[in-house]
Structures are given as C-alpha cells and as structure tokens.
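Asker: My structure is below; once you've seen it, I'll send some questions.
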Amino acid sequence: MHTSKVLVHNRDRSEIESEENYLPLNVLRLSKRFGGIHALNEVTFNIEEKSIISLIGPNGAGKTTFINVVTGTYPPEAGMIYFQGQNITGLPAHKIASLGIGRTFQLQELFLSLTVLENAMVGCHTRGRAGMFAAGLRIHPAKADEKRLREEAMENLKMIGLEQRASDSISSLPLGERKLVGMARALGMRPKLLMLDEPVAGLAAHEIENLVRLIHSLIDRGLTLFIVEHNMPFVMSISERVIVLDEGFKIAEGPPDDVRANEKVIKAYLGE
Amino acid sequence: MKNSEIDRTHIPFIIMIAVIILLPIIIPSAYIISVMVFVAVYGVLALGMGILIGHAGLFSLAHPVWFGLGAYISGILAARGWVSPGIGIIVSAFFVALISYIIGAPILRLRGYYLACATFALLLIAQIAGGQLTNITGGHEGLLGIPPLSLGGFVFQTDLHYYFLSWALCIGCFWFCSNLIHSRVGRAIRSFHDSEIASKSMGVNIPKYKLQLFILTSVMASLAGSIFCFYLCFTVPSFFGFHLLVELLMMIVIGGIGSIQGPLIGSFVILWLRELIHIYFGKIFPVMTGEVDSIFFGILIIIVLIFMPRGLAGWVEQSFNLGRRTYAYFKGPGA
C-alpha cells in the first residue's frame, strides 16, 4: 500500500519536473490533519498561469487550511506542492513567500501598530536586502532600500487607490479599505501567485466591482490568482475554473457552469 | 523636502547632545553628574529591553543578566590584569553576544509567558552563580580591585569622564535603535509583534530577526554593564537581580511601551524621582526610604497606566498632536 503510493508520487513528480513550462502550482495528494479531523484529504490539482482559480466549499471544508498549507504556515502530513516546478513542500513560510506566493487573510491580519504605508512596505520586505547593522547605522544599502521600498509601496497603494490614506493608521480604515491594504501588502513582494482568502466577504456591491476590476488588471500584469470565497455570484463570474472542497475532499473541479450543475456539489451545499 | 526630512529626524539627537554638553557647564554639581551617569547606563538597558518587549513583543526578563555579565567579565579581566580595560569591554561584549546566541537560539522559540518564565529562570540561575562562584566573582562580598577605565592612554577618573562616556554610549544606542526601528528590518520586527502569520507570509524570517535583536540588545546591555562596573570600581550580584528587573520594567511602563524614547524618559524620571524621595522623605522616615520609594513608584505606575496608557512618551506625543490640531483649528481651514 505504502510503496505503491510512493511510486505514484514518483511518477507524478517526474511528470511535473519534465514539463517544459512549469505551472504556477501543482498540488499532489495533499493531506493535513488536525487531531482526528482530516482538514485536507489527498487533494490534487494544478493551477495554470494567468488564470483565476477559485476554491469553494461549505464551512469547515478546509479552504483556509489549504492556503495555510501551501504558503507554509503549517507543514502538510502528506503530499507534494510544486511552485513553478520547484518542490516547496515543508519549506518555512518566509521562504515560500520570497519565492513568489503572496496571500491575504480572511481577517486581514494587518499590522495595527503600523501605518497604511508601513503595512504596504512590510509587504515589500523581500525586495530589500540591508541587514540590521546597515539599518541601525543608516548606511548605504539601508538608505537605498528605504527609498526604493517606499516608492514601491506607494505604487501599490496607488494601484488600489489608497495613496491618500498612506499615513493613516489601520484602525481608522473601514473594512473594505482594510481588505485593499491587505492586497497592497501582498502585492509588495511581486508575487507570481496571489492567494486571496475571502476577498469580498463583507464588502458592498460597488467595492466588489472595484475589486473585480483590480483582479483583472493583476491578471493582465501576469499574475495568477487563487481565490477562496463564499460569495457565489462573485466566484462564478470571475473564475475560469472552480474547485469544490467538502470535508477535506475535492469533490468537483471544472468551469463554473459545470460545477454549478454538479450533483455532489449541490448535495454538499444543500444536504441530502 | 528631502533635506527637511533628514533634519527633522536629527533634531532630537542634536538637542540631546546639546543638553548633555551644556548640563555640566550650567550646573557643575558632582551629585547631578553622578546621577546622570546612572540615567544613561539604565537608559541603555531600558532602551534594549523596551524594544524587545514593546516593539518585538519578546517578553524577555533576562536583561539584567547581560548587564551583569558585561560588568563582571570586563571587571574580572581588568581586576586580574589579563587585558587592558578597553579590550576587556570588547571581549565581554563578544562573549555576551556568544552566550545570548547560544541561549537565545532555543529559548526564543517560546512565546509570551513561557519566554518570560524561561528568561526569568536564567536571571535566577545567573544570580545564584554570581553569588556562589566566589573564587571567580568574589561572591556576595563583591568584586573588588577593578582599576579605572583607560582607553588609548586616557584614564577615566572623574565623574565627568564617565558622564560623557556613558552618554556617548546612550545616545549612540538611541540613534542606532531609532534608525533600526524606522527601517525595513524594524518594520519587520514591529510587524511580527502584531501578526506573526502575516509577517512570515510577507517573507519576514521571524526567528532570524528575533535572535539578531536579542543579541543586539544583549550587547548594548553588556556595554552599559562594563561602563557601570568601571564607574563604580565594584560589582556585587545584587546589582543585577530581581530589583533591577523591576526597576527596568517600571522605566519602560512609565516611559511608554512601544516608543523608542520612552525607556530613556522612564530612566530619567525613575532615577531622579528616587533621588528626590530620598532627599525629602529620608528626613521624615530615615530608616525606611526603600519602602517609601516602593509605595511612590507603585502609585506612579497606577496613575500612569490609568491616565497615560502609552506612558509619558505617548502622553507627550498626544499633547503635542492636540496642540497642533488646536492651532490648526484656530488658524482656520484656509491656512
């Protein structure tokens, strides 16, 4: 049993590594348990470049866990994660971030003691290189970093339309703007893959429209988006492909219309 | 624009340097100079500990240990005549950096109260070791025979010499730390205090920065300790114990948690307040001045926590902003 699993892995692995154009993300039989609960159960799928893939599922289906495992917050129990052909399974979160996977959070997780601009600048962290000594003595690499990161962060704020609030504190922002700050922060590391955790939950209709526009502009800039969301109209209108999780299992995958018609999906959402 | 920005960040340092140079000229009192040496030394300690607690969220209580190690190592090296005092200071700083690396690497994985417990245990162990290793440290009788500090032929003898030396260290550390906190690394440090998961998802190597900051503040404490021991020409373990820890925490809380100038303000206020209490209440209650200042500081902490939760530094900043807003209001919207 065990050996056959390994063989399957090896075959999949060689396939992935032999591909000419690496995909932004390959997930192979990814599993994660919390105690007795299988949050993720042998989940396998790929994400193509410049696409918008959504992950949906009822509450507790393992959607946020999936993002957490891919971005390295928790190590997976089993399975492999490849980012652009590189095995990132079990790497620490900061390494995965510096490879180019950005994320936002369901509850924003903004840095409340920092200003809006400073939040965006922490997002640019991987783009600087000066260490503690250079920073403390304020010598060359630190000074250059500071200037560049400030400009880059400001650009990101401009892109999401929050440049006016750069020096405000996070606590003075309404929810919609906080979510945008989370986006600007994640864009700071210039990710190739951006994982959004419930980006439109709690937003008003016009804010959702703005976000859709922003997401399309990101795709034009070459990003790949992975979205976890509950808002069905938003998911169905924006996604090229939808993946459905239920109790840690992938129960469906395909274009929005197919998924909507899928019996298993209807059952998972509405019950028997 | 750019010039004015640089000028503005330099203003506090220019003012500080000016005050430090002018103070002994305006008030040439040995007593005031001597208290100010302690303000500087304790200021460096409180500054380091304040950054660990207030900015990085690392509740490390081992700070007196690094202070004590710095004092003892440079004191012992100088008293035995093994190396010159100047080199002894550097040797002790390196040694403290090494020890804090060895101890910090495993211990900084702990969070919150667990880190506080572990570092507090370290403090107790160091205390006992300092008292029991009599042939090295001189035990509870203290380490005697420390010669005055000499650097490149210049011998530090008077209070004034140590005053300038300790304030040079203090202002240097203050400058370094305030640059650090407003840099990329400093923002990373403040960010993991707010949200570790978001911080590491932005590519911040949290364990690395925790360890680096821990070592940096330990070395600062060690340098302060070296100056302290050469100034007093004497050290005992009780200088570096629980009492010092409480005093440092008091300085941080009263000065302002999460501000860089807070701990320095705290050091100034606490030490001078204690002097004033000793002067005025010493006459009324000659046998129990220690208890009297505990009562005073207790009341002070309660008042500060109720009325200025961000400490004196936060309160000053708030009043300043209020003043600016009021000014803008009366000047009218056109201005």
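Letters for chains follow the order of the structure tokens (A, B, ...), residue numbers begin at 1 for each chain, and ligand numbers begin at 1 in the order shown.
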Please determine the contact residues of chain B with respect to chain A at a cut-off of 8 Å, counting only C-alpha atoms, and supply them as number ranges by chain.

Answerer: B: 175-180, 183-185, 187-188, 190-191, 194-195, 197-205, 212

Asker: For the residues in the current selection, export N, CA, C and O atoms as an mmCIF file, in the first residue's frame.

Answerer:
data_model
loop_
_atom_site.group_PDB
_atom_site.id
_atom_site.type_symbol
_atom_site.label_atom_id
_atom_site.label_comp_id
_atom_site.auth_asym_id
_atom_site.auth_seq_id
_atom_site.Cartn_x
_atom_site.Cartn_y
_atom_site.Cartn_z
ATOM 1 N N TRP B 175 20.397 56.389 18.909
ATOM 2 C CA TRP B 175 20.438 56.711 17.480
ATOM 3 C C TRP B 175 20.331 55.441 16.650
ATOM 4 O O TRP B 175 19.533 55.352 15.715
ATOM 5 N N PHE B 176 21.127 54.440 17.029
ATOM 6 C CA PHE B 176 21.125 53.170 16.303
ATOM 7 C C PHE B 176 19.727 52.549 16.318
ATOM 8 O O PHE B 176 19.180 52.169 15.278
ATOM 9 N N CYS B 177 19.144 52.495 17.509
ATOM 10 C CA CYS B 177 17.848 51.822 17.640
ATOM 11 C C CYS B 177 16.753 52.591 16.924
ATOM 12 O O CYS B 177 15.851 51.982 16.344
ATOM 13 N N SER B 178 16.815 53.914 16.976
ATOM 14 C CA SER B 178 15.726 54.634 16.323
ATOM 15 C C SER B 178 15.861 54.541 14.803
ATOM 16 O O SER B 178 14.853 54.439 14.103
ATOM 17 N N ASN B 179 17.083 54.486 14.289
ATOM 18 C CA ASN B 179 17.257 54.197 12.855
ATOM 19 C C ASN B 179 16.709 52.818 12.524
ATOM 20 O O ASN B 179 16.017 52.630 11.526
ATOM 21 N N LEU B 180 17.061 51.870 13.395
ATOM 22 C CA LEU B 180 16.674 50.478 13.140
ATOM 23 C C LEU B 180 15.154 50.341 13.082
ATOM 24 O O LEU B 180 14.611 49.739 12.156
ATOM 25 N N SER B 183 13.423 51.339 9.944
ATOM 26 C CA SER B 183 13.955 50.768 8.701
ATOM 27 C C SER B 183 13.135 49.548 8.307
ATOM 28 O O SER B 183 12.180 49.177 8.990
ATOM 29 N N ARG B 184 13.544 48.927 7.219
ATOM 30 C CA ARG B 184 12.882 47.715 6.752
ATOM 31 C C ARG B 184 12.912 46.628 7.829
ATOM 32 O O ARG B 184 11.907 45.990 8.110
ATOM 33 N N VAL B 185 14.083 46.459 8.457
ATOM 34 C CA VAL B 185 14.207 45.433 9.490
ATOM 35 C C VAL B 185 13.314 45.775 10.683
ATOM 36 O O VAL B 185 12.640 44.908 11.240
ATOM 37 N N ARG B 187 10.580 47.595 10.720
ATOM 38 C CA ARG B 187 9.157 47.374 10.405
ATOM 39 C C ARG B 187 8.829 45.894 10.459
ATOM 40 O O ARG B 187 7.761 45.504 10.925
ATOM 41 N N ALA B 188 9.780 45.066 10.004
ATOM 42 C CA ALA B 188 9.556 43.614 10.075
ATOM 43 C C ALA B 188 9.399 43.190 11.533
ATOM 44 O O ALA B 188 8.506 42.407 11.871
ATOM 45 N N ARG B 190 8.412 45.071 14.086
ATOM 46 C CA ARG B 190 7.122 45.524 14.625
ATOM 47 C C ARG B 190 5.988 44.710 14.037
ATOM 48 O O ARG B 190 4.967 44.484 14.675
ATOM 49 N N SER B 191 6.167 44.247 12.772
ATOM 50 C CA SER B 191 5.068 43.533 12.134
ATOM 51 C C SER B 191 4.833 42.180 12.794
ATOM 52 O O SER B 191 3.698 41.779 12.978
ATOM 53 N N ASP B 194 2.635 42.333 15.792
ATOM 54 C CA ASP B 194 1.201 42.466 15.527
ATOM 55 C C ASP B 194 0.594 41.170 15.008
ATOM 56 O O ASP B 194 -0.497 40.780 15.412
ATOM 57 N N SER B 195 1.250 40.526 14.050
ATOM 58 C CA SER B 195 0.699 39.300 13.487
ATOM 59 C C SER B 195 1.822 38.453 12.920
ATOM 60 O O SER B 195 2.392 38.787 11.890
ATOM 61 N N ILE B 197 1.676 35.430 11.695
ATOM 62 C CA ILE B 197 1.324 34.684 10.481
ATOM 63 C C ILE B 197 1.410 35.601 9.265
ATOM 64 O O ILE B 197 1.956 35.217 8.226
ATOM 65 N N ALA B 198 0.933 36.830 9.395
ATOM 66 C CA ALA B 198 1.003 37.748 8.260
ATOM 67 C C ALA B 198 2.450 38.108 7.981
ATOM 68 O O ALA B 198 2.879 38.176 6.833
ATOM 69 N N SER B 199 3.212 38.312 9.041
ATOM 70 C CA SER B 199 4.594 38.731 8.882
ATOM 71 C C SER B 199 5.395 37.680 8.116
ATOM 72 O O SER B 199 6.113 38.002 7.167
ATOM 73 N N LYS B 200 5.263 36.419 8.520
ATOM 74 C CA LYS B 200 6.067 35.419 7.816
ATOM 75 C C LYS B 200 5.541 35.182 6.408
ATOM 76 O O LYS B 200 6.308 34.847 5.512
ATOM 77 N N SER B 201 4.240 35.411 6.206
ATOM 78 C CA SER B 201 3.705 35.277 4.847
ATOM 79 C C SER B 201 4.182 36.401 3.937
ATOM 80 O O SER B 201 4.025 36.312 2.723
ATOM 81 N N MET B 202 4.729 37.468 4.524
ATOM 82 C CA MET B 202 5.292 38.543 3.703
ATOM 83 C C MET B 202 6.790 38.318 3.488
ATOM 84 O O MET B 202 7.491 39.187 2.988
ATOM 85 N N GLY B 203 7.283 37.180 3.939
ATOM 86 C CA GLY B 203 8.687 36.860 3.704
ATOM 87 C C GLY B 203 9.620 37.267 4.826
ATOM 88 O O GLY B 203 10.829 37.285 4.640
ATOM 89 N N VAL B 204 9.083 37.606 5.998
ATOM 90 C CA VAL B 204 9.943 38.002 7.117
ATOM 91 C C VAL B 204 10.433 36.747 7.830
ATOM 92 O O VAL B 204 9.626 35.919 8.256
ATOM 93 N N ASN B 205 11.740 36.626 7.933
ATOM 94 C CA ASN B 205 12.336 35.484 8.624
ATOM 95 C C ASN B 205 12.306 35.777 10.124
ATOM 96 O O ASN B 205 13.238 36.341 10.692
ATOM 97 N N GLN B 212 18.608 38.043 16.186
ATOM 98 C CA GLN B 212 19.506 39.192 15.964
ATOM 99 C C GLN B 212 19.205 40.316 16.951
ATOM 100 O O GLN B 212 20.111 40.918 17.521
#

Asker: Would you list the contacts of B:Ile73 as a VMD selection string, taking every protein, DNA or RNA residue within 12 Å and counting only C-alpha atoms, but skipping same-chain residues closer than 3 positions in sequence?

Answerer: chain B and resid 65 to 70 76 to 80 82 to 83 85 87 to 96 130 136 to 137 143 146 222 to 223 225 to 227 229 to 230 235

Asker: Could you write those residues out with N, CA and C atoms, as an mmCIF file, in the first residue's frame?

Answerer:
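Saved result, out_34.cif, follows:
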data_model
loop_
_atom_site.group_PDB
_atom_site.id
_atom_site.type_symbol
_atom_site.label_atom_id
_atom_site.label_comp_id
_atom_site.auth_asym_id
_atom_site.auth_seq_id
_atom_site.Cartn_x
_atom_site.Cartn_y
_atom_site.Cartn_z
ATOM 1 N N VAL B 65 20.831 40.007 33.256
ATOM 2 C CA VAL B 65 21.912 39.013 33.131
ATOM 3 C C VAL B 65 22.993 39.531 32.188
ATOM 4 N N TRP B 66 22.587 40.095 31.060
ATOM 5 C CA TRP B 66 23.587 40.568 30.085
ATOM 6 C C TRP B 66 24.332 41.776 30.644
ATOM 7 N N PHE B 67 23.595 42.588 31.373
ATOM 8 C CA PHE B 67 24.195 43.742 32.045
ATOM 9 C C PHE B 67 25.254 43.250 33.039
ATOM 10 N N GLY B 68 24.861 42.287 33.844
ATOM 11 C CA GLY B 68 25.764 41.740 34.857
ATOM 12 C C GLY B 68 26.964 41.037 34.242
ATOM 13 N N LEU B 69 26.704 40.257 33.185
ATOM 14 C CA LEU B 69 27.821 39.561 32.529
ATOM 15 C C LEU B 69 28.817 40.563 31.977
ATOM 16 N N GLY B 70 28.293 41.606 31.344
ATOM 17 C CA GLY B 70 29.172 42.644 30.805
ATOM 18 C C GLY B 70 30.010 43.258 31.908
ATOM 19 N N ILE B 76 36.380 41.474 35.860
ATOM 20 C CA ILE B 76 37.336 40.419 36.224
ATOM 21 C C ILE B 76 38.596 40.524 35.365
ATOM 22 N N LEU B 77 38.391 40.713 34.048
ATOM 23 C CA LEU B 77 39.553 40.812 33.158
ATOM 24 C C LEU B 77 40.465 41.959 33.577
ATOM 25 N N ALA B 78 39.836 43.082 33.973
ATOM 26 C CA ALA B 78 40.645 44.246 34.348
ATOM 27 C C ALA B 78 41.272 44.061 35.729
ATOM 28 N N ALA B 79 40.488 43.496 36.676
ATOM 29 C CA ALA B 79 40.990 43.347 38.048
ATOM 30 C C ALA B 79 42.163 42.376 38.093
ATOM 31 N N ARG B 80 42.100 41.314 37.274
ATOM 32 C CA ARG B 80 43.215 40.358 37.250
ATOM 33 C C ARG B 80 44.356 40.852 36.354
ATOM 34 N N TRP B 82 44.443 40.829 33.130
ATOM 35 C CA TRP B 82 44.683 39.976 31.966
ATOM 36 C C TRP B 82 44.717 40.758 30.661
ATOM 37 N N VAL B 83 43.765 41.648 30.497
ATOM 38 C CA VAL B 83 43.804 42.515 29.316
ATOM 39 C C VAL B 83 43.514 43.935 29.775
ATOM 40 N N PRO B 85 41.551 47.389 30.179
ATOM 41 C CA PRO B 85 40.100 47.560 30.332
ATOM 42 C C PRO B 85 39.376 47.809 29.019
ATOM 43 N N ILE B 87 40.082 46.744 26.002
ATOM 44 C CA ILE B 87 39.903 45.492 25.267
ATOM 45 C C ILE B 87 38.929 44.597 26.022
ATOM 46 N N GLY B 88 38.974 44.685 27.366
ATOM 47 C CA GLY B 88 38.054 43.891 28.186
ATOM 48 C C GLY B 88 36.602 44.179 27.850
ATOM 49 N N ILE B 89 36.292 45.444 27.590
ATOM 50 C CA ILE B 89 34.909 45.808 27.243
ATOM 51 C C ILE B 89 34.503 45.100 25.956
ATOM 52 N N ILE B 90 35.412 45.096 24.986
ATOM 53 C CA ILE B 90 35.088 44.461 23.699
ATOM 54 C C ILE B 90 34.986 42.950 23.868
ATOM 55 N N VAL B 91 35.921 42.382 24.645
ATOM 56 C CA VAL B 91 35.881 40.938 24.884
ATOM 57 C C VAL B 91 34.558 40.553 25.544
ATOM 58 N N SER B 92 34.159 41.329 26.550
ATOM 59 C CA SER B 92 32.926 40.967 27.248
ATOM 60 C C SER B 92 31.721 41.114 26.324
ATOM 61 N N ALA B 93 31.737 42.129 25.445
ATOM 62 C CA ALA B 93 30.621 42.286 24.508
ATOM 63 C C ALA B 93 30.537 41.081 23.574
ATOM 64 N N PHE B 94 31.686 40.615 23.090
ATOM 65 C CA PHE B 94 31.685 39.435 22.217
ATOM 66 C C PHE B 94 31.196 38.207 22.963
ATOM 67 N N PHE B 95 31.674 38.076 24.198
ATOM 68 C CA PHE B 95 31.300 36.921 24.990
ATOM 69 C C PHE B 95 29.789 36.917 25.249
ATOM 70 N N VAL B 96 29.258 38.089 25.592
ATOM 71 C CA VAL B 96 27.815 38.192 25.840
ATOM 72 C C VAL B 96 27.043 37.890 24.552
ATOM 73 N N GLY B 130 26.478 33.939 40.330
ATOM 74 C CA GLY B 130 27.280 35.109 40.694
ATOM 75 C C GLY B 130 27.622 35.111 42.173
ATOM 76 N N ILE B 136 35.745 33.227 41.426
ATOM 77 C CA ILE B 136 35.761 33.991 40.177
ATOM 78 C C ILE B 136 35.154 35.373 40.375
ATOM 79 N N THR B 137 33.977 35.400 40.985
ATOM 80 C CA THR B 137 33.228 36.658 41.043
ATOM 81 C C THR B 137 33.406 37.405 42.356
ATOM 82 N N LEU B 143 33.031 42.053 43.736
ATOM 83 C CA LEU B 143 34.296 42.008 43.008
ATOM 84 C C LEU B 143 35.036 43.318 43.267
ATOM 85 N N ILE B 146 38.817 46.689 40.856
ATOM 86 C CA ILE B 146 38.690 46.990 39.428
ATOM 87 C C ILE B 146 39.374 48.327 39.169
ATOM 88 N N SER B 222 25.493 44.729 27.756
ATOM 89 C CA SER B 222 26.836 44.375 28.189
ATOM 90 C C SER B 222 27.754 45.599 28.210
ATOM 91 N N LEU B 223 27.653 46.430 27.171
ATOM 92 C CA LEU B 223 28.487 47.646 27.123
ATOM 93 C C LEU B 223 28.136 48.564 28.294
ATOM 94 N N GLY B 225 26.927 47.614 31.099
ATOM 95 C CA GLY B 225 27.444 46.960 32.304
ATOM 96 C C GLY B 225 28.922 47.228 32.505
ATOM 97 N N SER B 226 29.679 47.187 31.408
ATOM 98 C CA SER B 226 31.119 47.433 31.524
ATOM 99 C C SER B 226 31.380 48.838 32.058
ATOM 100 N N ILE B 227 30.687 49.820 31.498
ATOM 101 C CA ILE B 227 30.895 51.198 31.957
ATOM 102 C C ILE B 227 30.493 51.328 33.423
ATOM 103 N N CYS B 229 30.559 49.056 35.770
ATOM 104 C CA CYS B 229 31.497 48.467 36.725
ATOM 105 C C CYS B 229 32.769 49.303 36.835
ATOM 106 N N PHE B 230 33.208 49.895 35.713
ATOM 107 C CA PHE B 230 34.399 50.741 35.807
ATOM 108 C C PHE B 230 34.099 52.032 36.558
ATOM 109 N N THR B 235 31.484 45.548 41.836
ATOM 110 C CA THR B 235 30.169 44.978 41.485
ATOM 111 C C THR B 235 29.812 43.889 42.482
#

Asker: Tell me, as a ChimeraX atom specification, which residues lie within 7 Å of B:Arg310, counting only C-alpha atoms; anything in the same chain fewer than 5 positions away does not count.

Answerer: /B:256-257,315

Asker: From the options A:Phe226, A:Ile160, A:Ala61, A:Lys32, which residue's atoms come nearest to A:Tyr269, counting only C-alpha atoms?

Answerer: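 Nearest to A:Tyr269: A:Ala61.
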
Asker: Which residues, written as a PyMOL selection string, have at least one atom at most 9 Å from B:Ile189, with only C-alpha atoms counted and residues fewer than 5 positions away on the same chain left out?

Answerer: chain B and resi 55-57+181+184+199+204+206+209-210+213

Asker: Could you check which of A:Leu30, A:Ile37, A:Leu223, A:Val200 is closest to A:Ala78, using only C-alpha atoms?

Answerer: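 Going through A:Leu30, A:Ile37, A:Leu223, A:Val200 one by one, the smallest distance to A:Ala78 is for A:Leu30.
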
Asker: Enumerate, as JSON, numbers by chain, the complete set of residues in stretch 121-245 of chain B that a backbone-based DSSP assignment places in strand (DSSP E).

Answerer: {"B": [150, 151, 154, 155]}

Asker: If you run DSSP on this backbone, which residues of stretch 59-203 of chain A come out as helix (DSSP H, G or I), and could you give them as a VMD selection string?

Answerer: chain A and resid 63 to 70 93 to 99 116 to 123 125 to 127 132 to 137 140 to 160 163 to 165 170 to 172 175 to 187

Asker: Which neighbours of A:Ile266 fall inside 12 Å, counting only C-alpha atoms, when residues of the same chain fewer than 6 positions from it are skipped, and could you give them as number ranges by chain?

Answerer: A: 57-58, 244, 246, 251-252, 258-260, 272

Asker: Please measure the separation of atom CA of A:Val228 and atom CA of A:Glu77, giving the value in Å to one decimal.

Answerer: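 Atom CA of A:Glu77 lies 21.6 Å from atom CA of A:Val228.
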